[in-house]
Amino acid sequence: MTALTEASTSQFIRIQEGELELNIHYNDCGQGDETVVMLHGSGPGASGWANFNRNIQPLVDAGFRVILLDCPGWSKSDSIVCTGSRSDLNARILKGLVDQLDLDRVHILGNSMGGHSAVAFALSWPERVGKLVLMGGGTGGASPFVPMPTEGIKLLQGLYRDPSIDNLKKMMNVFVFDPSDLTEELFQARLDNMLARRDHLENFTRSLAANPKQFPDFGPRLGEIKAPTLVIWGRNDRFVPMDTGLRLVAGIPNSELHVFNNCGHWAQWEHADTFNRMVLDFLTH
């Protein structure tokens, strides 16, 4: 079996967003009657492949088609200044993608910003959603327990404004529970991704200036989501507090929560083997 690579699965598609026609990048992996779409987070230099490279092969081996969407403003997709809801923008881009790929229904796995976008999609097009997996994101609103913005979000925004290797390491040091697993190669690859698209960095800071609340609070509408939902959180998440996961489970009727101890904001990477088994079991039963 040929190993999947980012280059061999790379695809582009053009999607209309208002008056703009955006060139959107995605990776298309495997074949199957059911499709899992993976939505990445908002960190500088993020991409679908970088976020989920430890999770793709098990799903493909189990017979799923896996699509990794690079949202506008990240990786090889076109850049954009978002003055409204980033969650809904990404949801509209996902709608354009599944429409053009002729996919009636997809499972959505969203990390951080991707969780917000998955919830936005499920609220707007519930008939197109099979199951949801939400990690470290999904609804906005202030935490009653943790000062906002959180330590991690402050470091993320600082990295957008000053993209240096030192600021990247400061952010990544609180991104995961055990930073000893982070290699110099990973840091350099992430920095190279960031600096290759300074337009993404500049437009993200412009978006924040235009609308500081890029990810609105969907809390009052969570009860509308009928899709079976698996919520996964790191107990040591210093970007999005764990009580946000509790709000999701309280609001989404058909939901369950798993909390990883010794885990930060990147559960699918930090606990990949257990995460993959859990997600496969959830999607197939």
# chains A, B, ... in the order shown; residues from 1 in each chain; ligands from 1
>>> residues_around(residues="Ala120 in chain A", least_positions_apart="3", cutoff="7 Å", atoms="only C-alpha atoms", output="PyMOL selection string")
chain A and resi 87-88+91+116-117+123-124
>>> write_last_selection(atoms="N, CA and C atoms", output="PDB file, in the first residue's frame")
ATOM      1  N   SER A  87     -16.414  31.671  11.817  1.00  0.00           N
ATOM      2  CA  SER A  87     -17.032  30.348  11.889  1.00  0.00           C
ATOM      3  C   SER A  87     -17.978  30.134  10.707  1.00  0.00           C
ATOM      4  N   ASP A  88     -18.826  31.131  10.439  1.00  0.00           N
ATOM      5  CA  ASP A  88     -19.793  31.006   9.350  1.00  0.00           C
ATOM      6  C   ASP A  88     -19.129  31.106   7.983  1.00  0.00           C
ATOM      7  N   ALA A  91     -17.801  27.769   7.320  1.00  0.00           N
ATOM      8  CA  ALA A  91     -18.919  26.864   7.046  1.00  0.00           C
ATOM      9  C   ALA A  91     -19.422  27.029   5.613  1.00  0.00           C
ATOM     10  N   HIS A 116     -15.564  25.345  15.918  1.00  0.00           N
ATOM     11  CA  HIS A 116     -16.523  26.442  15.713  1.00  0.00           C
ATOM     12  C   HIS A 116     -17.161  26.333  14.324  1.00  0.00           C
ATOM     13  N   SER A 117     -16.325  26.070  13.320  1.00  0.00           N
ATOM     14  CA  SER A 117     -16.808  26.003  11.943  1.00  0.00           C
ATOM     15  C   SER A 117     -17.728  24.810  11.734  1.00  0.00           C
ATOM     16  N   LEU A 123     -25.448  23.962  12.160  1.00  0.00           N
ATOM     17  CA  LEU A 123     -26.614  24.812  12.406  1.00  0.00           C
ATOM     18  C   LEU A 123     -27.244  25.305  11.106  1.00  0.00           C
ATOM     19  N   SER A 124     -26.422  25.549  10.094  1.00  0.00           N
ATOM     20  CA  SER A 124     -26.937  26.077   8.827  1.00  0.00           C
ATOM     21  C   SER A 124     -27.436  24.987   7.882  1.00  0.00           C
TER      22      SER A 124
END
>>> closest_residue(among="A:Gly45, A:His258, A:Ile252, A:Arg277", to="Leu186 in chain A", atoms="only C-alpha atoms")
A:Gly45
>>> residues_around(residues="range 189-194 of chain A", least_positions_apart="5", cutoff="10 Å", atoms="only C-alpha atoms", output="list in words")
Gly43, Pro44, Gly45, Ala46, Ser47, Ala50, Trp74, Ser75, Lys76, Leu159, Tyr160, Pro163, Ser164, Ile165, Leu168, Lys169, Thr183, Glu184, Asp199, His200 and Leu201 of chain A
>>> select_by_dssp(residues="range 110-284 of chain A", states="alpha helix (DSSP H)", output="short mmCIF file (atom, residue, chain, number, x, y, z; two decimals) with N, CA and C atoms, in the first residue's frame")
data_model
loop_
_atom_site.label_atom_id
_atom_site.label_comp_id
_atom_site.auth_asym_id
_atom_site.auth_seq_id
_atom_site.Cartn_x
_atom_site.Cartn_y
_atom_site.Cartn_z
N MET A 113 -10.69 26.32 16.03
CA MET A 113 -11.48 27.04 15.04
C MET A 113 -12.31 26.08 14.21
N GLY A 114 -11.76 24.93 13.89
CA GLY A 114 -12.49 23.93 13.12
C GLY A 114 -13.72 23.42 13.84
N GLY A 115 -13.67 23.39 15.18
CA GLY A 115 -14.85 23.01 15.95
C GLY A 115 -15.94 24.07 15.83
N HIS A 116 -15.56 25.34 15.92
CA HIS A 116 -16.52 26.44 15.71
C HIS A 116 -17.16 26.33 14.32
N SER A 117 -16.32 26.07 13.32
CA SER A 117 -16.81 26.00 11.94
C SER A 117 -17.73 24.81 11.73
N ALA A 118 -17.41 23.68 12.38
CA ALA A 118 -18.26 22.50 12.29
C ALA A 118 -19.64 22.76 12.88
N VAL A 119 -19.68 23.44 14.04
CA VAL A 119 -20.96 23.79 14.66
C VAL A 119 -21.74 24.75 13.76
N ALA A 120 -21.07 25.74 13.19
CA ALA A 120 -21.74 26.68 12.30
C ALA A 120 -22.34 25.96 11.10
N PHE A 121 -21.61 25.00 10.54
CA PHE A 121 -22.11 24.23 9.40
C PHE A 121 -23.33 23.40 9.82
N ALA A 122 -23.25 22.76 10.99
CA ALA A 122 -24.35 21.90 11.45
C ALA A 122 -25.62 22.71 11.72
N LEU A 123 -25.45 23.96 12.16
CA LEU A 123 -26.61 24.81 12.41
C LEU A 123 -27.24 25.31 11.11
N SER A 124 -26.42 25.55 10.09
CA SER A 124 -26.94 26.08 8.83
C SER A 124 -27.44 24.99 7.88
N GLU A 151 -4.28 32.53 28.14
CA GLU A 151 -2.84 32.62 27.93
C GLU A 151 -2.46 32.22 26.51
N GLY A 152 -3.01 31.09 26.06
CA GLY A 152 -2.67 30.59 24.73
C GLY A 152 -3.12 31.50 23.61
N ILE A 153 -4.34 32.03 23.72
CA ILE A 153 -4.85 32.92 22.68
C ILE A 153 -4.03 34.21 22.60
N LYS A 154 -3.59 34.71 23.75
CA LYS A 154 -2.73 35.90 23.74
C LYS A 154 -1.43 35.62 23.00
N LEU A 155 -0.84 34.45 23.25
CA LEU A 155 0.41 34.09 22.58
C LEU A 155 0.19 33.88 21.08
N LEU A 156 -0.96 33.30 20.72
CA LEU A 156 -1.28 33.10 19.30
C LEU A 156 -1.40 34.43 18.58
N GLN A 157 -2.12 35.37 19.17
CA GLN A 157 -2.28 36.68 18.53
C GLN A 157 -0.95 37.42 18.47
N GLY A 158 -0.11 37.25 19.50
CA GLY A 158 1.21 37.86 19.47
C GLY A 158 2.08 37.30 18.36
N LEU A 159 1.94 36.00 18.10
CA LEU A 159 2.71 35.36 17.04
C LEU A 159 2.28 35.87 15.67
N TYR A 160 0.98 36.12 15.48
CA TYR A 160 0.51 36.69 14.22
C TYR A 160 1.14 38.08 13.98
N ARG A 161 1.28 38.84 15.06
CA ARG A 161 1.80 40.20 14.90
C ARG A 161 3.32 40.22 14.77
N ILE A 165 10.68 32.81 15.46
CA ILE A 165 10.85 31.47 16.00
C ILE A 165 10.68 31.47 17.51
N ASP A 166 11.13 32.55 18.19
CA ASP A 166 10.98 32.63 19.64
C ASP A 166 9.52 32.70 20.05
N ASN A 167 8.73 33.53 19.34
CA ASN A 167 7.31 33.63 19.67
C ASN A 167 6.57 32.35 19.31
N LEU A 168 7.00 31.67 18.26
CA LEU A 168 6.39 30.38 17.91
C LEU A 168 6.63 29.36 19.03
N LYS A 169 7.85 29.31 19.52
CA LYS A 169 8.17 28.35 20.59
C LYS A 169 7.41 28.69 21.87
N LYS A 170 7.23 29.98 22.17
CA LYS A 170 6.46 30.38 23.35
C LYS A 170 5.02 29.88 23.23
N MET A 171 4.43 30.01 22.04
CA MET A 171 3.06 29.56 21.85
C MET A 171 2.97 28.04 21.93
N MET A 172 3.85 27.35 21.22
CA MET A 172 3.79 25.89 21.17
C MET A 172 4.09 25.28 22.54
N ASN A 173 4.83 25.97 23.37
CA ASN A 173 5.17 25.47 24.69
C ASN A 173 3.93 25.30 25.57
N VAL A 174 2.90 26.12 25.34
CA VAL A 174 1.65 25.97 26.09
C VAL A 174 0.57 25.31 25.25
N PHE A 175 0.86 25.06 23.97
CA PHE A 175 -0.11 24.44 23.07
C PHE A 175 -0.32 22.98 23.43
N GLU A 184 12.73 20.44 16.59
CA GLU A 184 13.18 21.62 15.86
C GLU A 184 12.67 21.60 14.43
N GLU A 185 12.57 20.39 13.86
CA GLU A 185 12.05 20.26 12.48
C GLU A 185 10.59 20.73 12.41
N LEU A 186 9.81 20.37 13.43
CA LEU A 186 8.41 20.80 13.46
C LEU A 186 8.32 22.32 13.58
N PHE A 187 9.13 22.90 14.49
CA PHE A 187 9.14 24.36 14.64
C PHE A 187 9.51 25.04 13.32
N GLN A 188 10.54 24.53 12.66
CA GLN A 188 11.01 25.17 11.43
C GLN A 188 9.98 25.06 10.32
N ALA A 189 9.34 23.88 10.22
CA ALA A 189 8.32 23.70 9.19
C ALA A 189 7.16 24.64 9.41
N ARG A 190 6.75 24.80 10.68
CA ARG A 190 5.64 25.70 10.99
C ARG A 190 6.02 27.15 10.71
N LEU A 191 7.25 27.53 11.06
CA LEU A 191 7.70 28.90 10.79
C LEU A 191 7.77 29.16 9.28
N ASP A 192 8.28 28.19 8.54
CA ASP A 192 8.36 28.34 7.08
C ASP A 192 6.97 28.52 6.48
N ASN A 193 5.99 27.75 6.97
CA ASN A 193 4.62 27.89 6.49
C ASN A 193 4.08 29.29 6.76
N MET A 194 4.37 29.80 7.95
CA MET A 194 3.90 31.13 8.32
C MET A 194 4.50 32.20 7.42
N LEU A 195 5.82 32.16 7.28
CA LEU A 195 6.51 33.23 6.56
C LEU A 195 6.30 33.16 5.05
N ALA A 196 5.91 31.99 4.56
CA ALA A 196 5.63 31.84 3.13
C ALA A 196 4.37 32.60 2.73
N ARG A 198 2.82 35.72 4.25
CA ARG A 198 2.66 36.88 5.14
C ARG A 198 1.30 37.56 4.93
N ASP A 199 0.70 37.37 3.75
CA ASP A 199 -0.62 37.94 3.53
C ASP A 199 -1.64 37.32 4.48
N HIS A 200 -1.48 36.01 4.78
CA HIS A 200 -2.38 35.38 5.75
C HIS A 200 -2.22 36.02 7.13
N LEU A 201 -0.98 36.24 7.55
CA LEU A 201 -0.73 36.83 8.86
C LEU A 201 -1.31 38.24 8.95
N GLU A 202 -1.05 39.05 7.91
CA GLU A 202 -1.51 40.44 7.91
C GLU A 202 -3.03 40.51 7.88
N ASN A 203 -3.66 39.64 7.09
CA ASN A 203 -5.12 39.68 6.99
C ASN A 203 -5.80 39.15 8.24
N PHE A 204 -5.15 38.24 8.96
CA PHE A 204 -5.72 37.77 10.23
C PHE A 204 -5.74 38.92 11.23
N THR A 205 -4.65 39.69 11.34
CA THR A 205 -4.62 40.81 12.28
C THR A 205 -5.59 41.90 11.84
N ARG A 206 -5.74 42.11 10.53
CA ARG A 206 -6.74 43.08 10.04
C ARG A 206 -8.15 42.61 10.40
N SER A 207 -8.38 41.31 10.29
CA SER A 207 -9.70 40.76 10.63
C SER A 207 -10.01 40.99 12.10
N LEU A 208 -9.02 40.74 12.97
CA LEU A 208 -9.21 40.95 14.40
C LEU A 208 -9.50 42.42 14.72
N ALA A 209 -8.82 43.31 14.01
CA ALA A 209 -9.04 44.74 14.23
C ALA A 209 -10.46 45.14 13.80
N ALA A 210 -10.92 44.54 12.71
CA ALA A 210 -12.26 44.86 12.20
C ALA A 210 -13.35 44.24 13.07
N MET A 242 -11.54 23.93 29.57
CA MET A 242 -12.32 22.70 29.52
C MET A 242 -13.80 22.93 29.78
N ASP A 243 -14.14 24.01 30.49
CA ASP A 243 -15.57 24.24 30.75
C ASP A 243 -16.33 24.56 29.46
N THR A 244 -15.61 24.96 28.40
CA THR A 244 -16.27 25.13 27.10
C THR A 244 -16.79 23.79 26.60
N GLY A 245 -16.02 22.73 26.80
CA GLY A 245 -16.49 21.39 26.43
C GLY A 245 -17.72 20.99 27.22
N LEU A 246 -17.77 21.37 28.50
CA LEU A 246 -18.95 21.07 29.31
C LEU A 246 -20.17 21.82 28.78
N ARG A 247 -19.98 23.04 28.32
CA ARG A 247 -21.09 23.81 27.73
C ARG A 247 -21.62 23.12 26.48
N LEU A 248 -20.70 22.56 25.67
CA LEU A 248 -21.13 21.86 24.47
C LEU A 248 -21.99 20.65 24.82
N VAL A 249 -21.54 19.88 25.80
CA VAL A 249 -22.28 18.68 26.18
C VAL A 249 -23.62 19.04 26.83
N ALA A 250 -23.62 20.14 27.58
CA ALA A 250 -24.88 20.59 28.19
C ALA A 250 -25.88 21.04 27.13
N GLY A 251 -25.36 21.59 26.02
CA GLY A 251 -26.25 22.17 25.02
C GLY A 251 -26.66 21.24 23.90
N ALA A 267 -5.37 17.37 21.12
CA ALA A 267 -5.64 15.99 21.56
C ALA A 267 -5.36 14.97 20.47
N GLN A 268 -5.69 15.30 19.22
CA GLN A 268 -5.52 14.34 18.12
C GLN A 268 -4.06 14.08 17.79
N TRP A 269 -3.17 14.92 18.26
CA TRP A 269 -1.73 14.75 18.05
C TRP A 269 -1.07 14.19 19.30
N GLU A 270 -1.46 14.72 20.48
CA GLU A 270 -0.82 14.33 21.73
C GLU A 270 -1.21 12.91 22.15
N ALA A 272 -2.67 10.46 19.90
CA ALA A 272 -3.16 10.07 18.58
C ALA A 272 -3.75 8.66 18.54
N ASP A 273 -3.06 7.67 19.10
CA ASP A 273 -3.54 6.29 18.98
C ASP A 273 -4.89 6.10 19.66
N THR A 274 -5.01 6.59 20.88
CA THR A 274 -6.29 6.47 21.60
C THR A 274 -7.37 7.30 20.91
N PHE A 275 -6.99 8.49 20.50
CA PHE A 275 -7.93 9.36 19.78
C PHE A 275 -8.47 8.66 18.53
N ASN A 276 -7.59 8.07 17.74
CA ASN A 276 -8.01 7.43 16.50
C ASN A 276 -8.96 6.26 16.77
N ARG A 277 -8.66 5.45 17.77
CA ARG A 277 -9.54 4.32 18.10
C ARG A 277 -10.91 4.83 18.55
N MET A 278 -10.92 5.87 19.35
CA MET A 278 -12.17 6.43 19.86
C MET A 278 -13.04 6.99 18.73
N VAL A 279 -12.41 7.74 17.83
CA VAL A 279 -13.15 8.35 16.71
C VAL A 279 -13.69 7.27 15.77
N LEU A 280 -12.88 6.27 15.48
CA LEU A 280 -13.34 5.18 14.60
C LEU A 280 -14.53 4.46 15.22
N ASP A 281 -14.45 4.17 16.51
CA ASP A 281 -15.57 3.50 17.19
C ASP A 281 -16.82 4.36 17.13
N PHE A 282 -16.67 5.66 17.36
CA PHE A 282 -17.81 6.58 17.33
C PHE A 282 -18.45 6.65 15.95
N LEU A 283 -17.62 6.72 14.91
CA LEU A 283 -18.15 6.87 13.56
C LEU A 283 -18.77 5.59 13.02
N THR A 284 -18.37 4.44 13.54
CA THR A 284 -18.83 3.16 12.96
C THR A 284 -19.90 2.46 13.79
#
>>> atom_distance(atom1="CA of Val259 in chain A", atom2="CA of Phe64 in chain A")
25.2 Å
>>> closest_residue(among="A:Leu222, A:Leu182, A:Ala62, A:Met38", to="His107 in chain A", atoms="only C-alpha atoms")
A:Met38
>>> closest_residue(among="A:Leu132, A:Phe215, A:Pro253, A:Asp61", to="Cys82 in chain A", atoms="only C-alpha atoms")
A:Phe215
>>> closest_residue(among="A:Asn23, A:Ser143, A:Thr229, A:Gln31", to="Gln57 in chain A", atoms="only C-alpha atoms")
A:Gln31
>>> closest_residue(among="A:Thr150, A:Gly18, A:Ile67, A:Gly130", to="Asn55 in chain A", atoms="only C-alpha atoms")
A:Ile67
